[in-house]
Amino acid sequence: MRQDDELIHVENTPWLESLAFSVEHVFEGCQCEGEDCRRCEQVLCVGAFNRDKSRKSGLDKYCRECRHTLYSAYYQANADKERSRIRKYHKAHPEQLAKRKRVFYQNNPEYNQTYLKAWYQGNRERHKFYRKTRRARKRNAEGSFTTQEWAALKSRYEHKCLCCGKSESEVLLSIDHVVPLSQGGANKADNIQPLCLSCNKKKGTKAIDYRL
């Protein structure tokens, strides 16, 4: 056998072909031949790419990991522009985004629970703020306040509960409406006061101003 024939024989060996085109599939049961990423130049499962209807293949030319790296660098260089674009998109497509989130959470219950638990552990103050704001919206309360206003209010009263006097290093301060929302109180910064959870519960729905 000539040297050329030997080369052809080796190139057509089945196990060599399978080794050259071995793809680690993202989805169970996937049998795709893979797609080339233009950036990392790896042949990856089609599940590793975002969709792109403008391309013939229907897939992004970069894998998700490379696309994320590129976008992160772009976002750092154009933060204000991107924040503005994202806010406009969210404002223009609330129903579409809500539907997308519901579908994702339904298909990924474990991810949802893990993410929410981790977020709550690192954002307890924001979580309390969002709960209060959501409850106020449900009651159609007048006005609103920001997390910055809440932080400024706690600072004004030296981060202490206005009822028992304990500091935030000892207790967890919560948002209390001086005139409860159930009694027509406004959801404004001039109608809230910092109370620890225990004092807040004891106050209940009574209108008591501890700022005096």
# chains A, B, ... in the order shown; residues from 1 in each chain; ligands from 1
>>> residues_around(residues="Ala186 of chain A", least_positions_apart="2", cutoff="10 Å", atoms="only C-alpha atoms", output="PDB file with N, CA and C atoms, in the first residue's frame")
ATOM      1  N   ALA A 136     -48.335  48.420  49.533  1.00  0.00           N
ATOM      2  CA  ALA A 136     -48.900  49.761  49.374  1.00  0.00           C
ATOM      3  C   ALA A 136     -49.616  49.888  48.035  1.00  0.00           C
ATOM      4  N   ASN A 140     -53.587  50.651  46.969  1.00  0.00           N
ATOM      5  CA  ASN A 140     -53.723  51.908  46.234  1.00  0.00           C
ATOM      6  C   ASN A 140     -53.389  53.113  47.107  1.00  0.00           C
ATOM      7  N   ALA A 141     -52.367  52.940  47.943  1.00  0.00           N
ATOM      8  CA  ALA A 141     -51.968  54.032  48.836  1.00  0.00           C
ATOM      9  C   ALA A 141     -51.357  55.172  48.031  1.00  0.00           C
ATOM     10  N   GLU A 142     -51.501  56.367  48.574  1.00  0.00           N
ATOM     11  CA  GLU A 142     -50.975  57.549  47.913  1.00  0.00           C
ATOM     12  C   GLU A 142     -49.471  57.653  48.138  1.00  0.00           C
ATOM     13  N   GLY A 143     -48.730  58.023  47.092  1.00  0.00           N
ATOM     14  CA  GLY A 143     -47.303  58.298  47.206  1.00  0.00           C
ATOM     15  C   GLY A 143     -46.408  57.075  47.165  1.00  0.00           C
ATOM     16  N   SER A 144     -45.115  57.320  47.287  1.00  0.00           N
ATOM     17  CA  SER A 144     -44.095  56.272  47.304  1.00  0.00           C
ATOM     18  C   SER A 144     -42.804  56.866  47.860  1.00  0.00           C
ATOM     19  N   HIS A 177     -45.463  52.351  58.937  1.00  0.00           N
ATOM     20  CA  HIS A 177     -46.243  53.525  58.564  1.00  0.00           C
ATOM     21  C   HIS A 177     -46.877  54.112  59.826  1.00  0.00           C
ATOM     22  N   VAL A 178     -46.572  55.376  60.100  1.00  0.00           N
ATOM     23  CA  VAL A 178     -47.103  56.039  61.295  1.00  0.00           C
ATOM     24  C   VAL A 178     -48.626  55.924  61.311  1.00  0.00           C
ATOM     25  N   VAL A 179     -49.252  56.380  60.253  1.00  0.00           N
ATOM     26  CA  VAL A 179     -50.693  56.148  60.054  1.00  0.00           C
ATOM     27  C   VAL A 179     -50.799  54.944  59.116  1.00  0.00           C
ATOM     28  N   PRO A 180     -51.276  53.812  59.611  1.00  0.00           N
ATOM     29  CA  PRO A 180     -51.307  52.580  58.810  1.00  0.00           C
ATOM     30  C   PRO A 180     -52.015  52.764  57.470  1.00  0.00           C
ATOM     31  N   LEU A 181     -51.561  52.002  56.491  1.00  0.00           N
ATOM     32  CA  LEU A 181     -52.198  52.064  55.173  1.00  0.00           C
ATOM     33  C   LEU A 181     -53.664  51.666  55.252  1.00  0.00           C
ATOM     34  N   SER A 182     -53.984  50.775  56.191  1.00  0.00           N
ATOM     35  CA  SER A 182     -55.370  50.326  56.338  1.00  0.00           C
ATOM     36  C   SER A 182     -56.280  51.438  56.821  1.00  0.00           C
ATOM     37  N   GLN A 183     -55.689  52.508  57.381  1.00  0.00           N
ATOM     38  CA  GLN A 183     -56.460  53.652  57.859  1.00  0.00           C
ATOM     39  C   GLN A 183     -56.320  54.855  56.930  1.00  0.00           C
ATOM     40  N   GLY A 184     -55.843  54.610  55.728  1.00  0.00           N
ATOM     41  CA  GLY A 184     -55.728  55.685  54.749  1.00  0.00           C
ATOM     42  C   GLY A 184     -54.408  56.428  54.777  1.00  0.00           C
ATOM     43  N   LYS A 188     -45.578  57.533  51.956  1.00  0.00           N
ATOM     44  CA  LYS A 188     -44.560  58.552  51.706  1.00  0.00           C
ATOM     45  C   LYS A 188     -43.522  58.541  52.811  1.00  0.00           C
ATOM     46  N   ALA A 189     -42.377  59.157  52.527  1.00  0.00           N
ATOM     47  CA  ALA A 189     -41.280  59.184  53.495  1.00  0.00           C
ATOM     48  C   ALA A 189     -41.669  59.899  54.788  1.00  0.00           C
ATOM     49  N   ASP A 190     -42.591  60.890  54.697  1.00  0.00           N
ATOM     50  CA  ASP A 190     -42.982  61.616  55.906  1.00  0.00           C
ATOM     51  C   ASP A 190     -44.018  60.851  56.734  1.00  0.00           C
ATOM     52  N   ASN A 191     -44.382  59.634  56.308  1.00  0.00           N
ATOM     53  CA  ASN A 191     -45.324  58.817  57.077  1.00  0.00           C
ATOM     54  C   ASN A 191     -44.709  57.483  57.491  1.00  0.00           C
ATOM     55  N   ILE A 192     -43.395  57.377  57.423  1.00  0.00           N
ATOM     56  CA  ILE A 192     -42.756  56.125  57.833  1.00  0.00           C
ATOM     57  C   ILE A 192     -41.748  56.396  58.940  1.00  0.00           C
TER      58      ILE A 192
END
>>> closest_residue(among="A:Arg124, A:Lys61, A:Arg134, A:Lys117", to="Glu35 of chain A", atoms="only C-alpha atoms")
A:Lys61
>>> select_by_dssp(residues="segment 45-125 of chain A", states="strand (DSSP E)", output="PyMOL selection string")
chain A and resi 49-51+59-63
>>> residues_around(residues="segment 52-60 of chain A", least_positions_apart="5", cutoff="9 Å", atoms="only C-alpha atoms", output="list in words")
Glu35, Cys37, Val46 and Arg67 of chain A
>>> select_by_dssp(residues="segment 32-83 of chain A", states="helix (DSSP H, G or I)", output="PyMOL selection string")
chain A and resi 46-48+64-77+79-83
>>> atom_distance(atom1="atom CA of Cys199 of chain A", atom2="atom CA of Glu168 of chain A")
13.3 Å
>>> residues_around(residues="segment 20-29 of chain A", least_positions_apart="5", cutoff="7 Å", atoms="only C-alpha atoms", output="ChimeraX atom specification")
/A:34,43-45,47-48
